[in-house]
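Q: Contents of entry_35.txt (compact mmCIF, C-alpha atoms (C1' of nucleotides)):
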```txt
# COMPACT_ATOMS: atom_id res chain seq x y z
CA MET A 615 61.54 84.60 74.56
CA SER A 616 64.33 85.60 72.24
CA GLN A 617 67.33 87.31 73.74
CA LYS A 618 67.80 90.67 72.11
CA THR A 619 71.27 91.34 70.80
CA LEU A 620 72.63 93.88 73.20
CA SER A 621 75.25 96.48 72.44
CA ALA A 622 78.71 95.57 73.57
CA ALA A 623 78.57 98.19 76.28
CA GLY A 624 74.95 97.58 77.09
CA ARG A 625 75.16 93.88 77.66
CA ARG A 626 76.43 93.99 81.18
CA ARG A 627 77.86 90.57 80.66
CA ASN A 628 79.74 88.82 83.36
CA TYR A 629 83.24 89.04 82.05
CA ALA A 630 84.68 88.89 85.53
CA PRO A 631 84.43 85.09 85.93
CA ILE A 632 86.10 84.59 82.56
CA PHE A 633 88.96 86.92 83.40
CA ALA A 634 89.25 85.36 86.84
CA ALA A 635 89.49 81.90 85.31
CA LEU A 636 92.27 83.11 83.02
CA GLY A 637 94.05 84.86 85.86
CA ASP A 638 96.26 81.94 86.77
CA GLU A 639 99.44 80.74 85.07
CA THR A 640 98.58 77.08 85.34
CA ARG A 641 95.19 77.60 83.74
CA LEU A 642 96.69 79.74 81.00
CA SER A 643 99.10 76.96 80.16
CA ILE A 644 96.21 74.50 80.06
CA VAL A 645 94.40 76.78 77.65
CA ALA A 646 97.56 76.99 75.58
CA LYS A 647 97.83 73.22 75.38
CA LEU A 648 94.19 72.84 74.44
CA SER A 649 94.31 75.59 71.85
CA THR A 650 95.99 73.13 69.49
CA GLY A 651 92.56 71.60 69.03
CA GLU A 652 93.67 68.27 70.37
CA PRO A 653 91.73 67.02 73.40
CA HIS A 654 93.88 66.19 76.42
CA SER A 655 93.25 63.87 79.32
CA ILE A 656 93.83 65.10 82.85
CA ALA A 657 96.85 62.85 83.21
CA ARG A 658 98.34 64.28 80.06
CA LEU A 659 97.66 67.83 81.15
CA THR A 660 99.42 67.02 84.40
CA ASP A 661 102.57 65.68 82.72
CA GLY A 662 105.39 68.18 82.69
CA THR A 663 103.97 70.22 85.53
CA HIS A 664 105.14 70.12 89.10
CA LEU A 665 101.56 69.75 90.23
CA THR A 666 99.39 66.89 91.36
CA ARG A 667 96.70 65.50 89.12
CA GLN A 668 94.18 66.64 91.71
CA ALA A 669 95.40 70.19 91.51
CA VAL A 670 95.09 70.14 87.73
CA THR A 671 91.60 68.70 88.10
CA LYS A 672 90.63 71.65 90.25
CA HIS A 673 91.95 74.08 87.68
CA LEU A 674 89.99 72.29 84.99
CA ARG A 675 86.85 72.67 87.09
CA VAL A 676 87.45 76.39 87.26
CA LEU A 677 87.92 76.62 83.51
CA GLU A 678 84.83 74.50 83.04
CA GLY A 679 82.85 76.81 85.30
CA ALA A 680 83.75 79.74 83.08
CA HIS A 681 82.78 77.68 80.02
CA LEU A 682 86.31 77.92 78.71
CA VAL A 683 86.60 74.15 78.37
CA HIS A 684 84.37 71.12 78.43
CA SER A 685 85.09 67.45 78.93
CA VAL A 686 83.99 64.26 77.27
CA ARG A 687 84.28 60.91 78.91
CA ALA A 688 86.15 58.41 76.75
CA GLY A 689 86.49 55.06 78.41
CA ARG A 690 88.42 55.50 81.59
CA GLU A 691 89.77 58.89 80.70
CA ASN A 692 88.23 62.31 80.63
CA LEU A 693 89.12 64.36 77.58
CA TYR A 694 89.12 68.13 77.83
CA GLU A 695 88.66 70.41 74.90
CA LEU A 696 88.78 74.17 74.50
CA ASP A 697 85.59 76.20 74.20
CA PRO A 698 86.58 79.22 72.12
CA GLY A 699 83.49 81.31 72.80
CA PRO A 700 84.53 83.07 76.01
CA ILE A 701 87.95 83.87 74.59
CA ARG A 702 86.34 85.59 71.66
CA GLU A 703 84.23 87.53 74.11
CA VAL A 704 87.35 88.58 75.95
CA ARG A 705 88.75 89.79 72.69
CA GLU A 706 85.61 91.83 72.03
CA TYR A 707 85.68 93.28 75.51
CA ALA A 708 89.27 94.41 75.19
CA ASP A 709 88.50 95.77 71.78
CA VAL A 710 85.57 97.83 73.01
CA VAL A 711 87.45 99.26 75.96
CA SER A 712 90.46 100.12 73.81
CA GLN A 713 88.33 101.85 71.24
CA HIS A 714 86.37 103.68 73.90
CA TRP A 715 89.62 104.92 75.34
CA ASP A 716 91.03 105.95 71.98
CA ARG A 717 87.93 107.92 71.07
CA ALA A 718 87.86 109.58 74.47
CA LEU A 719 91.46 110.65 74.02
CA ALA A 720 90.74 111.98 70.55
CA ARG A 721 87.93 114.11 71.95
CA LEU A 722 90.15 115.46 74.70
CA LYS A 723 92.83 116.26 72.18
CA ALA A 724 90.34 118.12 70.00
CA LEU A 725 89.15 120.06 73.02
CA VAL A 726 92.65 121.18 73.84
CA GLU A 727 93.54 122.11 70.30
CA GLU A 728 90.50 124.23 69.61
CA ASP A 729 91.57 127.82 70.24
CA MET B 885 120.17 96.64 75.42
CA SER B 886 117.23 96.80 73.12
CA GLN B 887 114.35 94.47 73.78
CA LYS B 888 113.74 92.38 70.72
CA THR B 889 110.16 92.39 69.52
CA LEU B 890 108.99 88.90 70.33
CA SER B 891 106.26 87.08 68.51
CA ALA B 892 102.91 87.18 70.21
CA ALA B 893 103.16 83.48 71.02
CA GLY B 894 106.86 83.59 71.74
CA ARG B 895 106.86 86.29 74.34
CA ARG B 896 105.83 84.22 77.29
CA ARG B 897 104.42 87.31 78.86
CA ASN B 898 102.74 87.25 82.20
CA TYR B 899 99.17 87.66 81.21
CA ALA B 900 97.91 85.98 84.35
CA PRO B 901 98.24 89.04 86.62
CA ILE B 902 96.40 91.19 84.09
CA PHE B 903 93.56 88.71 83.77
CA ALA B 904 93.48 88.27 87.52
CA ALA B 905 93.20 92.02 88.00
CA LEU B 906 90.30 92.13 85.58
CA GLY B 907 88.64 89.14 87.20
CA ASP B 908 86.50 91.13 89.58
CA GLU B 909 83.25 92.97 88.93
CA THR B 910 84.18 95.99 90.99
CA ARG B 911 87.47 96.42 89.17
CA LEU B 912 85.80 95.99 85.80
CA SER B 913 83.39 98.77 86.66
CA ILE B 914 86.31 100.96 87.69
CA VAL B 915 87.96 100.28 84.35
CA ALA B 916 84.69 101.14 82.64
CA LYS B 917 84.46 104.48 84.44
CA LEU B 918 88.05 105.34 83.63
CA SER B 919 87.76 104.31 80.01
CA THR B 920 86.01 107.61 79.35
CA GLY B 921 89.42 109.20 79.59
CA GLU B 922 88.41 111.36 82.48
CA PRO B 923 90.52 110.90 85.62
CA HIS B 924 88.54 110.00 88.74
CA SER B 925 89.36 110.50 92.39
CA ILE B 926 88.96 107.61 94.80
CA ALA B 927 85.98 109.28 96.43
CA ARG B 928 84.31 109.67 93.08
CA LEU B 929 85.00 106.08 92.14
CA THR B 930 83.42 105.07 95.43
CA ASP B 931 80.21 107.03 94.86
CA GLY B 932 77.37 104.87 93.70
CA THR B 933 78.91 101.69 94.98
CA HIS B 934 77.94 99.87 98.15
CA LEU B 935 81.59 99.65 99.10
CA THR B 936 83.83 101.52 101.46
CA ARG B 937 86.41 103.91 100.16
CA GLN B 938 89.03 101.61 101.61
CA ALA B 939 87.75 98.69 99.62
CA VAL B 940 87.88 100.73 96.42
CA THR B 941 91.38 101.83 97.32
CA LYS B 942 92.44 98.21 97.57
CA HIS B 943 90.96 97.45 94.19
CA LEU B 944 92.81 100.41 92.73
CA ARG B 945 96.05 99.07 94.16
CA VAL B 946 95.42 95.78 92.41
CA LEU B 947 94.74 97.50 89.11
CA GLU B 948 97.83 99.61 89.63
CA GLY B 949 99.90 96.51 90.29
CA ALA B 950 98.85 95.14 86.92
CA HIS B 951 99.66 98.49 85.33
CA LEU B 952 96.07 98.90 84.26
CA VAL B 953 95.83 102.32 85.94
CA HIS B 954 98.10 104.91 87.42
CA SER B 955 97.46 107.78 89.77
CA VAL B 956 98.51 111.38 89.95
CA ARG B 957 98.34 113.39 93.09
CA ALA B 958 96.38 116.60 92.65
CA GLY B 959 96.22 118.58 95.85
CA ARG B 960 94.41 116.53 98.41
CA GLU B 961 92.97 114.08 95.95
CA ASN B 962 94.46 111.24 94.04
CA LEU B 963 93.38 111.05 90.43
CA TYR B 964 93.35 107.69 88.71
CA GLU B 965 93.63 107.25 85.01
CA LEU B 966 93.45 104.25 82.73
CA ASP B 967 96.56 102.70 81.24
CA PRO B 968 95.44 101.18 77.96
CA GLY B 969 98.52 99.08 77.30
CA PRO B 970 97.63 95.91 79.19
CA ILE B 971 94.13 95.89 77.75
CA ARG B 972 95.56 95.96 74.26
CA GLU B 973 97.77 93.06 75.24
CA VAL B 974 94.74 91.18 76.45
CA ARG B 975 93.15 91.80 73.11
CA GLU B 976 96.21 90.42 71.34
CA TYR B 977 96.32 87.39 73.56
CA ALA B 978 92.68 86.52 72.90
CA ASP B 979 93.26 87.15 69.24
CA VAL B 980 96.23 84.79 69.08
CA VAL B 981 94.48 82.00 70.96
CA SER B 982 91.34 82.34 68.84
CA GLN B 983 93.33 82.20 65.63
CA HIS B 984 95.38 79.31 66.87
CA TRP B 985 92.19 77.43 67.62
CA ASP B 986 90.61 78.29 64.31
CA ARG B 987 93.63 77.12 62.35
CA ALA B 988 93.84 73.92 64.38
CA LEU B 989 90.22 73.19 63.62
CA ALA B 990 90.77 73.87 59.94
CA ARG B 991 93.63 71.37 59.90
CA LEU B 992 91.52 68.76 61.64
CA LYS B 993 88.72 69.35 59.20
CA ALA B 994 91.09 68.93 56.29
CA LEU B 995 92.39 65.72 57.80
CA VAL B 996 88.92 64.28 58.10
CA GLU B 997 87.88 65.31 54.64
CA GLU B 998 90.87 63.89 52.83
CA ASP B 999 89.75 60.47 51.61
C1' DT C 945 91.90 129.10 112.32
C1' DA C 946 88.42 125.51 112.21
C1' DA C 947 85.44 122.55 109.79
C1' DA C 948 85.01 119.71 106.00
C1' DT C 949 87.04 116.89 102.47
C1' DA C 950 90.17 113.25 100.57
C1' DT C 951 93.23 110.09 101.60
C1' DG C 952 96.61 106.85 103.91
C1' DC C 953 97.91 103.21 107.25
C1' DA C 954 97.09 99.36 110.21
C1' DA C 955 94.60 95.72 112.38
C1' DC C 956 91.25 92.49 111.98
C1' DC C 957 87.71 89.19 110.08
C1' DT C 958 85.67 85.78 106.87
C1' DT C 959 85.77 83.16 102.94
C1' DA C 960 87.89 81.71 98.63
C1' DT C 961 91.85 79.74 96.43
C1' DG C 962 95.53 76.63 95.37
C1' DG C 963 97.49 72.80 96.91
C1' DT C 964 98.21 68.22 99.27
C1' DT C 965 97.26 63.31 100.81
C1' DG C 966 94.43 59.26 101.23
C1' DT C 967 90.93 56.27 99.71
C1' DT C 968 87.76 54.29 96.46
C1' DG C 969 85.82 53.10 91.85
C1' DA C 970 86.14 52.09 86.73
C1' DT C 971 88.52 50.48 82.78
C1' DC C 972 92.13 48.69 79.94
C1' DC C 973 95.36 45.01 78.91
C1' DC C 974 98.19 40.75 79.69
C1' DG D 1242 91.36 37.39 87.00
C1' DG D 1243 94.82 40.77 88.35
C1' DG D 1244 97.88 44.52 87.94
C1' DA D 1245 98.39 48.98 86.01
C1' DT D 1246 96.14 53.27 84.64
C1' DC D 1247 92.78 57.23 84.89
C1' DA D 1248 90.00 59.54 87.57
C1' DA D 1249 86.48 60.95 91.37
C1' DC D 1250 85.51 62.24 96.27
C1' DA D 1251 86.63 63.92 100.68
C1' DA D 1252 89.30 65.97 104.27
C1' DC D 1253 92.58 69.02 105.40
C1' DC D 1254 95.94 73.06 105.32
C1' DA D 1255 98.11 77.61 104.49
C1' DT D 1256 97.75 81.73 102.39
C1' DA D 1257 95.55 85.21 99.57
C1' DA D 1258 91.43 88.16 98.70
C1' DG D 1259 87.81 91.13 99.67
C1' DG D 1260 85.92 93.72 103.03
C1' DT D 1261 85.39 96.39 107.42
C1' DT D 1262 86.49 99.72 111.27
C1' DG D 1263 89.40 103.03 113.67
C1' DC D 1264 92.66 106.52 113.67
C1' DA D 1265 96.07 109.78 111.76
C1' DT D 1266 97.38 113.21 108.12
C1' DA D 1267 97.20 116.60 104.41
C1' DT D 1268 94.46 120.17 101.92
C1' DT D 1269 90.60 123.19 100.92
C1' DT D 1270 87.55 126.54 102.07
C1' DA D 1271 84.31 129.29 104.85
```
For the file at hand, write its structure as structure tokens.
A:
Amino acid sequence: MSQKTLSAAGRRRNYAPIFAALGDETRLSIVAKLSTGEPHSIARLTDGTHLTRQAVTKHLRVLEGAHLVHSVRAGRENLYELDPGPIREVREYADVVSQHWDRALARLKALVEED
Amino acid sequence: MSQKTLSAAGRRRNYAPIFAALGDETRLSIVAKLSTGEPHSIARLTDGTHLTRQAVTKHLRVLEGAHLVHSVRAGRENLYELDPGPIREVREYADVVSQHWDRALARLKALVEED
DNA sequence: TAAATATGCAACCTTATGGTTGTTGATCCC
DNA sequence: GGGATCAACAACCATAAGGTTGCATATTTA
């Protein structure tokens, strides 16, 4: 059955896991590196950090779980690439909340000013 | 001294705490309730949830720590209100990353197509 | 003033999170 | 083949997170 397009407010989407995945400096820097479009291996993503490759692997798993990245096996290395979808959803979410807030404030202002 | 307006990419702002604060369903629903502009007491924010008032209080502290909300004491109750700033920053962040990605893809596409 | 309401503080519990080390298995390259 | 490279799996550890209960405190309000 076809999924009806829900209103931004109505679709009680699970944004929480996406935000949670982005709520870590290391993972944000991984996202930053991958946002160049160039796929990175785990070893490469580990270079320049003070972390172990294993730690970076775990972070990648978290990002993968939130569908923020996906990996492709290439020979002996595992290439990770950004999945832009969830980030666009984050943008929409923030947009909706901001607008909601702005309109609410406008209404309150109008209420106060009507005399 | 005046804080120079940094570029969205240049200001290595700490987005992680904001994302982390939003990375929880309960806190997202709190933000949703407050985005109406109407201040809510802790008791009111607790109504309708299956949580304890103490649990909600803890979540509010987290949101407060990320400057997503602030509270004003009104008699015996503590009214919480949304702080829209961080959410706008989140929107900008997602916007920048999305655009970065899109431009990177466009460059790759151009590279492939040049023959 | 006394009951009811709204909150704060502290202690405690369980599980998730971020990280490490150690070992094993593929794969590339000389 | 054999060493170097890239990565997976598992065990383990310390601390943070999310939640609860119990008790104390301020503020309405009947």
Q: Any idea what the distance is between atom CA of Tyr707 of chain A and atom CA of Val686 of chain A?
A: 29.1 Å
Q: Work out how far apart atom C1' of DT1269 of chain D and atom CA of Ile926 of chain B are and give it in Å to one decimal.
A: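 Separation of atom C1' of DT1269 of chain D and atom CA of Ile926 of chain B: 16.8 Å.
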Q: Can you tell me how far atom CA of His714 of chain A sits from atom CA of Ala916 of chain B, in Å to one decimal?
A: 9.3 Å
Q: Using all atoms listed in the file, which residues sit within 12 Å of segment 647-654 of chain A once same-chain residues fewer than 3 positions away are excluded, as a PyMOL selection string?
A: (chain A and resi 640-644+657-662+674+677+682-688+691-698+701) or (chain B and resi 893+978-993)
Q: Between D:DG1243, D:DT1268, D:DT1262, D:DC1250, which is the closest to chain B once you count all atoms listed in the file?
A: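 Going through D:DG1243, D:DT1268, D:DT1262, D:DC1250 one by one, the smallest distance to chain B is for D:DT1268.
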Q: Please identify all polymer residues within 10 Å of segment 1252-1258 of chain D, counting all atoms listed in the file, omitting same-chain residues fewer than 6 positions from it, and present them as a ChimeraX atom specification.
A: /C:959-966
Q: Selected residues, C-alpha atoms (C1' of nucleotides), written as a PDB file, keeping the file's coordinate frame, please.
A:
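Written file, again_38.pdb:
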```pdb
ATOM      1  C1'  DT C 959      85.770  83.160 102.940  1.00  0.00           C
ATOM      2  C1'  DA C 960      87.890  81.710  98.630  1.00  0.00           C
ATOM      3  C1'  DT C 961      91.850  79.740  96.430  1.00  0.00           C
ATOM      4  C1'  DG C 962      95.530  76.630  95.370  1.00  0.00           C
ATOM      5  C1'  DG C 963      97.490  72.800  96.910  1.00  0.00           C
ATOM      6  C1'  DT C 964      98.210  68.220  99.270  1.00  0.00           C
ATOM      7  C1'  DT C 965      97.260  63.310 100.810  1.00  0.00           C
ATOM      8  C1'  DG C 966      94.430  59.260 101.230  1.00  0.00           C
TER       9       DG C 966
END
```
Q: Please report, as CSV, each residue of chain A lying at most 8 Å from chain C, together with the nearest pair of atoms and the separation in Å rounded to one decimal; use all atoms listed in the file, and order rows by chain and ascending residue number.
A:
```
residue,atom,partner,partner_atom,distance
A:Ala669,CA,C:DG963,C1',6.4
A:Gly689,CA,C:DT971,C1',6.6
A:Arg690,CA,C:DT971,C1',5.2
```
Q: Take the residues from that selection and put them in a file with C-alpha atoms, as an mmCIF file, keeping the file's coordinate frame.
A:
```cif
data_model
loop_
_atom_site.group_PDB
_atom_site.id
_atom_site.type_symbol
_atom_site.label_atom_id
_atom_site.label_comp_id
_atom_site.auth_asym_id
_atom_site.auth_seq_id
_atom_site.Cartn_x
_atom_site.Cartn_y
_atom_site.Cartn_z
ATOM 1 C CA ALA A 669 95.400 70.190 91.510
ATOM 2 C CA GLY A 689 86.490 55.060 78.410
ATOM 3 C CA ARG A 690 88.420 55.500 81.590
#
```
Q: Taking all atoms listed in the file into account, name the residue in A:Pro631, A:Thr671, A:Thr666, A:Leu636 that is nearest to chain D.
A: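 Between A:Pro631, A:Thr671, A:Thr666, A:Leu636, the residue approaching chain D most closely is A:Thr671.
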Q: Show me, as CSV, the residues of chain D having an atom within 10 Å of chain A, each with the closest atom pair and its distance in Å, using all atoms listed in the file.
A:
```
residue,atom,partner,partner_atom,distance
D:DT1246,C1',A:Arg690,CA,8.6
D:DC1247,C1',A:Glu691,CA,5.4
D:DA1248,C1',A:Glu691,CA,6.9
D:DA1249,C1',A:Gln668,CA,9.6
```
